[in-house]
Amino acid sequence: MTERIYSVDSYAREMAAEVVATDVDDGRVLLDRTVFYPGGGGQPVDLGELTIGEDRLEVVGVKQDSDGVWHWLEGGLPEVGTRVTGRIDWDRRYRLMRTHTSLHALCGVIWERFRSPVTGGNMAPGHGRLDFEIPNWDPADRDPVELALNEAIARHLPVDVSFMPREEADLDPSLIRTKVNLIPPSVRRIRVIDIVGLDRQADGGTHVHTTEEVGRVRITKVQSKGRGFRRIRVALEDEPA
């Protein structure tokens, strides 16, 4: 199994690793450790490069399976046993971290106001969206929700990461803010992201250390997705309109 450095240190930008398996037909390698996030929960995969001496191989895709975390490469495929250095595209990752934390903050605000679960979500660097089941949504709710979101972010709330056994997590239904529990039964150790005092839920993605790093957030659009369902789109304030 691959040591998933990103899971315990979202700020790690590079790592030394060893190639433990290759898939020549698919152009990918399995590493013994990585800082590359393999995607999930609406957060895209990390991009970047592996270097071997003076050679640079572009990482164009990442995915995890039961073997570990695979990295798709352009520029060649190193052999098993090769030592490599991996570096993520940090600017892109950090914007995703800020975006992801802003979406969790939005989830907390919506939960406080409407007790509404998330039914879907997605993000890109600097902007994202969450879908909610909110039967009693009124268009006039948009500005107060945006205000409450930015007031929460401005409290500079810490973002804590912890782990708990699956059996313990299953006893706390509040950890699942989605309408359906999407965590596979095979996952026995649950990672929990806690924006202290605002939102606490099971999550595998990368986040900033405090909401201070998120900055102000705009609600760019609220869309109807059928009776009782709303899609709320947000963007970091420094993201171009």
# chains A, B, ... in the order shown; residues from 1 in each chain; ligands from 1
$ residues_around --residues "Ile88 (chain A)" --least-positions-apart "5" --cutoff "6 Å" --atoms "only C-alpha atoms" --output "ChimeraX atom specification"
/A:13,47-48
$ write_last_selection --atoms "N, CA and C atoms" --output "compact mmCIF listing (two decimals), in the first residue's frame"
# COMPACT_ATOMS: atom_id res chain seq x y z
N ARG A 13 4.58 19.40 -0.30
CA ARG A 13 4.57 19.68 -1.74
C ARG A 13 5.37 18.66 -2.54
N LEU A 47 -1.81 17.38 -10.04
CA LEU A 47 -0.91 17.28 -11.18
C LEU A 47 0.47 17.73 -10.75
N GLY A 48 1.48 17.42 -11.55
CA GLY A 48 2.83 17.81 -11.18
C GLY A 48 3.85 17.03 -11.97
$ residues_around --residues "region 89-95 of chain A" --least-positions-apart "6" --cutoff "12 Å" --atoms "only C-alpha atoms" --output "NGL selection string"
:A and (6 or 10-14 or 35-39 or 43-50 or 58-60 or 101-102 or 123-128 or 205-209 or 213-215 or 235-239)
$ select_by_dssp --residues "chain A" --states "alpha helix (DSSP H)" --output "ChimeraX atom specification"
/A:5-8,90-114,142-153,166-169
$ atom_distance --atom1 "CA of Ala202 (chain A)" --atom2 "CA of Asp131 (chain A)"
17.4 Å
$ select_by_dssp --residues "region 11-238 of chain A" --states "strand (DSSP E or B)" --output "PyMOL selection string"
chain A and resi 14-23+28-31+33-34+40+43+48-52+55-65+68-74+83-88+118-124+127-133+158-165+178+189-195+199-202+210+217-224+229-236
$ closest_residue --among "A:Ile193, A:Leu31, A:Ala152, A:Ala16" --to "Thr2 (chain A)" --atoms "only C-alpha atoms"
A:Leu31
$ residues_around --residues "Val80 (chain A)" --least-positions-apart "6" --cutoff "7 Å" --atoms "only C-alpha atoms" --output "list of chain:residue names"
A:Val19, A:Val20, A:Ala21, A:Thr22
$ write_last_selection --atoms "N, CA, C and O atoms" --output "CSV table (one decimal), in the first residue's frame"
chain,number,residue,atom,x,y,z
A,19,VAL,N,9.5,3.4,-7.0
A,19,VAL,CA,8.6,2.8,-7.9
A,19,VAL,C,8.5,1.3,-7.4
A,19,VAL,O,9.5,0.6,-7.4
A,20,VAL,N,7.3,0.9,-7.1
A,20,VAL,CA,7.1,-0.5,-6.6
A,20,VAL,C,6.3,-1.4,-7.6
A,20,VAL,O,6.3,-2.6,-7.5
A,21,ALA,N,5.7,-0.8,-8.6
A,21,ALA,CA,5.1,-1.5,-9.7
A,21,ALA,C,4.9,-0.6,-10.9
A,21,ALA,O,4.8,0.6,-10.8
A,22,THR,N,4.8,-1.2,-12.1
A,22,THR,CA,4.6,-0.5,-13.3
A,22,THR,C,3.5,-1.1,-14.1
A,22,THR,O,3.3,-2.3,-14.0
$ residues_around --residues "Glu168 (chain A)" --least-positions-apart "4" --cutoff "12 Å" --atoms "only C-alpha atoms" --output "list in words"
Phe163, Met164, Asp172, Pro173, Leu175, Arg188, Arg189, Ile190, Arg191 and Val192 of chain A
$ write_last_selection --atoms "N, CA and C atoms" --output "PDB file, in the first residue's frame"
ATOM      1  N   PHE A 163      -8.606  10.836  12.825  1.00  0.00           N
ATOM      2  CA  PHE A 163      -8.982   9.539  12.282  1.00  0.00           C
ATOM      3  C   PHE A 163      -9.700   8.743  13.362  1.00  0.00           C
ATOM      4  N   MET A 164     -10.654   7.909  12.947  1.00  0.00           N
ATOM      5  CA  MET A 164     -11.329   7.052  13.907  1.00  0.00           C
ATOM      6  C   MET A 164     -11.705   5.731  13.252  1.00  0.00           C
ATOM      7  N   ASP A 172     -21.895   7.692  14.782  1.00  0.00           N
ATOM      8  CA  ASP A 172     -22.110   9.143  14.763  1.00  0.00           C
ATOM      9  C   ASP A 172     -22.633   9.558  13.395  1.00  0.00           C
ATOM     10  N   PRO A 173     -23.956   9.533  13.176  1.00  0.00           N
ATOM     11  CA  PRO A 173     -24.512   9.851  11.855  1.00  0.00           C
ATOM     12  C   PRO A 173     -24.239  11.280  11.416  1.00  0.00           C
ATOM     13  N   LEU A 175     -21.507  12.680  11.101  1.00  0.00           N
ATOM     14  CA  LEU A 175     -20.284  12.746  10.291  1.00  0.00           C
ATOM     15  C   LEU A 175     -20.571  12.656   8.805  1.00  0.00           C
ATOM     16  N   ARG A 188     -12.001   1.101   6.594  1.00  0.00           N
ATOM     17  CA  ARG A 188     -12.149   0.792   8.014  1.00  0.00           C
ATOM     18  C   ARG A 188     -11.606   1.892   8.915  1.00  0.00           C
ATOM     19  N   ARG A 189     -10.910   2.864   8.355  1.00  0.00           N
ATOM     20  CA  ARG A 189     -10.369   3.986   9.135  1.00  0.00           C
ATOM     21  C   ARG A 189     -10.891   5.266   8.507  1.00  0.00           C
ATOM     22  N   ILE A 190     -11.690   6.000   9.254  1.00  0.00           N
ATOM     23  CA  ILE A 190     -12.377   7.162   8.718  1.00  0.00           C
ATOM     24  C   ILE A 190     -11.621   8.441   9.065  1.00  0.00           C
ATOM     25  N   ARG A 191     -11.366   9.248   8.057  1.00  0.00           N
ATOM     26  CA  ARG A 191     -10.713  10.548   8.245  1.00  0.00           C
ATOM     27  C   ARG A 191     -11.795  11.607   8.439  1.00  0.00           C
ATOM     28  N   VAL A 192     -11.619  12.440   9.453  1.00  0.00           N
ATOM     29  CA  VAL A 192     -12.631  13.438   9.802  1.00  0.00           C
ATOM     30  C   VAL A 192     -12.019  14.832   9.697  1.00  0.00           C
TER      31      VAL A 192
END
$ atom_distance --atom1 "CA of Gly40 (chain A)" --atom2 "CA of Arg216 (chain A)"
24.8 Å
$ residues_around --residues "Val222 (chain A)" --least-positions-apart "3" --cutoff "10 Å" --atoms "only C-alpha atoms" --output "PyMOL selection string"
chain A and resi 129-131+139+142+219+225+230-234
$ write_last_selection --atoms "N, CA and C atoms" --output "PDB file, in the first residue's frame"
ATOM      1  N   ARG A 129     -19.204  23.910  -6.384  1.00  0.00           N
ATOM      2  CA  ARG A 129     -20.648  23.938  -6.156  1.00  0.00           C
ATOM      3  C   ARG A 129     -21.035  22.782  -5.256  1.00  0.00           C
ATOM      4  N   LEU A 130     -22.128  23.006  -4.517  1.00  0.00           N
ATOM      5  CA  LEU A 130     -22.748  21.962  -3.722  1.00  0.00           C
ATOM      6  C   LEU A 130     -24.234  21.942  -4.029  1.00  0.00           C
ATOM      7  N   ASP A 131     -24.796  20.753  -4.083  1.00  0.00           N
ATOM      8  CA  ASP A 131     -26.230  20.579  -4.282  1.00  0.00           C
ATOM      9  C   ASP A 131     -26.849  20.190  -2.944  1.00  0.00           C
ATOM     10  N   PRO A 139     -35.490  32.791  -2.888  1.00  0.00           N
ATOM     11  CA  PRO A 139     -34.403  33.556  -3.507  1.00  0.00           C
ATOM     12  C   PRO A 139     -33.806  34.615  -2.575  1.00  0.00           C
ATOM     13  N   ARG A 142     -30.388  33.995  -0.495  1.00  0.00           N
ATOM     14  CA  ARG A 142     -29.037  33.985  -1.062  1.00  0.00           C
ATOM     15  C   ARG A 142     -28.083  34.929  -0.331  1.00  0.00           C
ATOM     16  N   ILE A 219     -21.064  33.871  -3.475  1.00  0.00           N
ATOM     17  CA  ILE A 219     -22.033  32.963  -4.081  1.00  0.00           C
ATOM     18  C   ILE A 219     -22.317  33.508  -5.467  1.00  0.00           C
ATOM     19  N   LYS A 225     -32.590  22.695  -9.180  1.00  0.00           N
ATOM     20  CA  LYS A 225     -32.290  21.400  -9.800  1.00  0.00           C
ATOM     21  C   LYS A 225     -33.463  20.442  -9.597  1.00  0.00           C
ATOM     22  N   ARG A 230     -31.477  22.609  -4.688  1.00  0.00           N
ATOM     23  CA  ARG A 230     -30.778  23.818  -5.101  1.00  0.00           C
ATOM     24  C   ARG A 230     -29.301  23.524  -5.280  1.00  0.00           C
ATOM     25  N   ARG A 231     -28.727  24.122  -6.319  1.00  0.00           N
ATOM     26  CA  ARG A 231     -27.277  24.053  -6.566  1.00  0.00           C
ATOM     27  C   ARG A 231     -26.700  25.427  -6.264  1.00  0.00           C
ATOM     28  N   ILE A 232     -25.805  25.480  -5.285  1.00  0.00           N
ATOM     29  CA  ILE A 232     -25.183  26.733  -4.885  1.00  0.00           C
ATOM     30  C   ILE A 232     -23.736  26.744  -5.366  1.00  0.00           C
ATOM     31  N   ARG A 233     -23.428  27.724  -6.211  1.00  0.00           N
ATOM     32  CA  ARG A 233     -22.075  27.862  -6.753  1.00  0.00           C
ATOM     33  C   ARG A 233     -21.337  28.977  -6.018  1.00  0.00           C
ATOM     34  N   VAL A 234     -20.094  28.715  -5.667  1.00  0.00           N
ATOM     35  CA  VAL A 234     -19.289  29.697  -4.956  1.00  0.00           C
ATOM     36  C   VAL A 234     -17.939  29.866  -5.650  1.00  0.00           C
TER      37      VAL A 234
END
$ closest_residue --among "A:Glu112, A:Glu146, A:Asp55, A:Asp160" --to "Gly75 (chain A)" --atoms "only C-alpha atoms"
A:Asp55
$ atom_distance --atom1 "CA of Ser116 (chain A)" --atom2 "CA of Val8 (chain A)"
29.2 Å
$ decode --residues "region 104-196 of chain A" --atoms "C-alpha atoms" --output "compact mmCIF listing (two decimals), in the first residue's frame"
# COMPACT_ATOMS: atom_id res chain seq x y z
CA HIS A 104 -17.28 22.64 3.93
CA ALA A 105 -17.97 26.03 5.52
CA LEU A 106 -20.95 26.47 3.19
CA CYS A 107 -22.14 22.99 4.18
CA GLY A 108 -21.99 24.04 7.82
CA VAL A 109 -23.94 27.25 7.23
CA ILE A 110 -26.65 25.47 5.22
CA TRP A 111 -26.90 22.74 7.86
CA GLU A 112 -27.33 25.31 10.63
CA ARG A 113 -30.07 27.14 8.73
CA PHE A 114 -31.95 24.36 6.95
CA ARG A 115 -30.69 21.01 8.33
CA SER A 116 -30.31 20.07 4.67
CA PRO A 117 -27.99 17.28 3.44
CA VAL A 118 -25.64 17.55 0.49
CA THR A 119 -26.79 15.62 -2.58
CA GLY A 120 -23.78 16.31 -4.80
CA GLY A 121 -20.77 18.53 -5.34
CA ASN A 122 -17.76 19.33 -7.44
CA MET A 123 -14.89 21.79 -7.51
CA ALA A 124 -12.06 23.24 -9.55
CA PRO A 125 -9.26 25.55 -8.39
CA GLY A 126 -10.98 28.67 -7.07
CA HIS A 127 -14.62 27.71 -7.49
CA GLY A 128 -17.05 24.90 -6.79
CA ARG A 129 -20.65 23.94 -6.16
CA LEU A 130 -22.75 21.96 -3.72
CA ASP A 131 -26.23 20.58 -4.28
CA PHE A 132 -28.67 20.56 -1.38
CA GLU A 133 -32.16 19.33 -0.69
CA ILE A 134 -33.80 22.59 0.51
CA PRO A 135 -37.57 22.45 -0.06
CA ASN A 136 -38.18 25.81 1.62
CA TRP A 137 -35.47 27.83 -0.18
CA ASP A 138 -36.43 31.40 -1.08
CA PRO A 139 -34.40 33.56 -3.51
CA ALA A 140 -34.11 36.11 -0.70
CA ASP A 141 -32.03 33.56 1.25
CA ARG A 142 -29.04 33.98 -1.06
CA ASP A 143 -27.55 37.17 0.41
CA PRO A 144 -28.03 36.17 4.09
CA VAL A 145 -26.37 32.80 3.38
CA GLU A 146 -23.41 34.52 1.70
CA LEU A 147 -23.13 36.91 4.64
CA ALA A 148 -23.27 34.07 7.18
CA LEU A 149 -20.68 32.12 5.20
CA ASN A 150 -18.20 35.00 5.19
CA GLU A 151 -18.85 35.80 8.82
CA ALA A 152 -18.01 32.19 9.70
CA ILE A 153 -14.86 32.24 7.57
CA ALA A 154 -13.78 35.55 9.14
CA ARG A 155 -13.79 33.90 12.58
CA HIS A 156 -10.49 32.24 11.59
CA LEU A 157 -11.73 28.84 12.65
CA PRO A 158 -9.12 26.05 12.90
CA VAL A 159 -9.50 23.07 10.58
CA ASP A 160 -8.58 19.87 12.43
CA VAL A 161 -7.85 16.46 10.93
CA SER A 162 -8.40 13.25 12.87
CA PHE A 163 -8.98 9.54 12.28
CA MET A 164 -11.33 7.05 13.91
CA PRO A 165 -12.26 3.39 13.48
CA ARG A 166 -15.16 2.71 11.13
CA GLU A 167 -17.16 1.10 13.95
CA GLU A 168 -16.91 4.31 16.01
CA ALA A 169 -17.70 6.57 13.05
CA ASP A 170 -20.80 4.55 12.16
CA LEU A 171 -22.23 5.41 15.60
CA ASP A 172 -22.11 9.14 14.76
CA PRO A 173 -24.51 9.85 11.86
CA SER A 174 -23.63 13.57 11.96
CA LEU A 175 -20.28 12.75 10.29
CA ILE A 176 -22.10 12.01 7.03
CA ARG A 177 -23.49 15.25 5.62
CA THR A 178 -24.39 13.70 2.28
CA LYS A 179 -27.88 12.33 1.71
CA VAL A 180 -26.36 8.89 1.06
CA ASN A 181 -23.30 7.45 2.82
CA LEU A 182 -20.72 7.24 0.02
CA ILE A 183 -17.90 5.68 2.06
CA PRO A 184 -17.31 2.10 0.84
CA PRO A 185 -17.64 -0.63 3.50
CA SER A 186 -14.03 -1.62 2.82
CA VAL A 187 -12.79 1.66 4.36
CA ARG A 188 -12.15 0.79 8.01
CA ARG A 189 -10.37 3.99 9.13
CA ILE A 190 -12.38 7.16 8.72
CA ARG A 191 -10.71 10.55 8.24
CA VAL A 192 -12.63 13.44 9.80
CA ILE A 193 -12.33 17.13 8.88
CA ASP A 194 -13.52 19.49 11.61
CA ILE A 195 -13.95 23.22 10.98
CA VAL A 196 -14.19 23.73 14.71
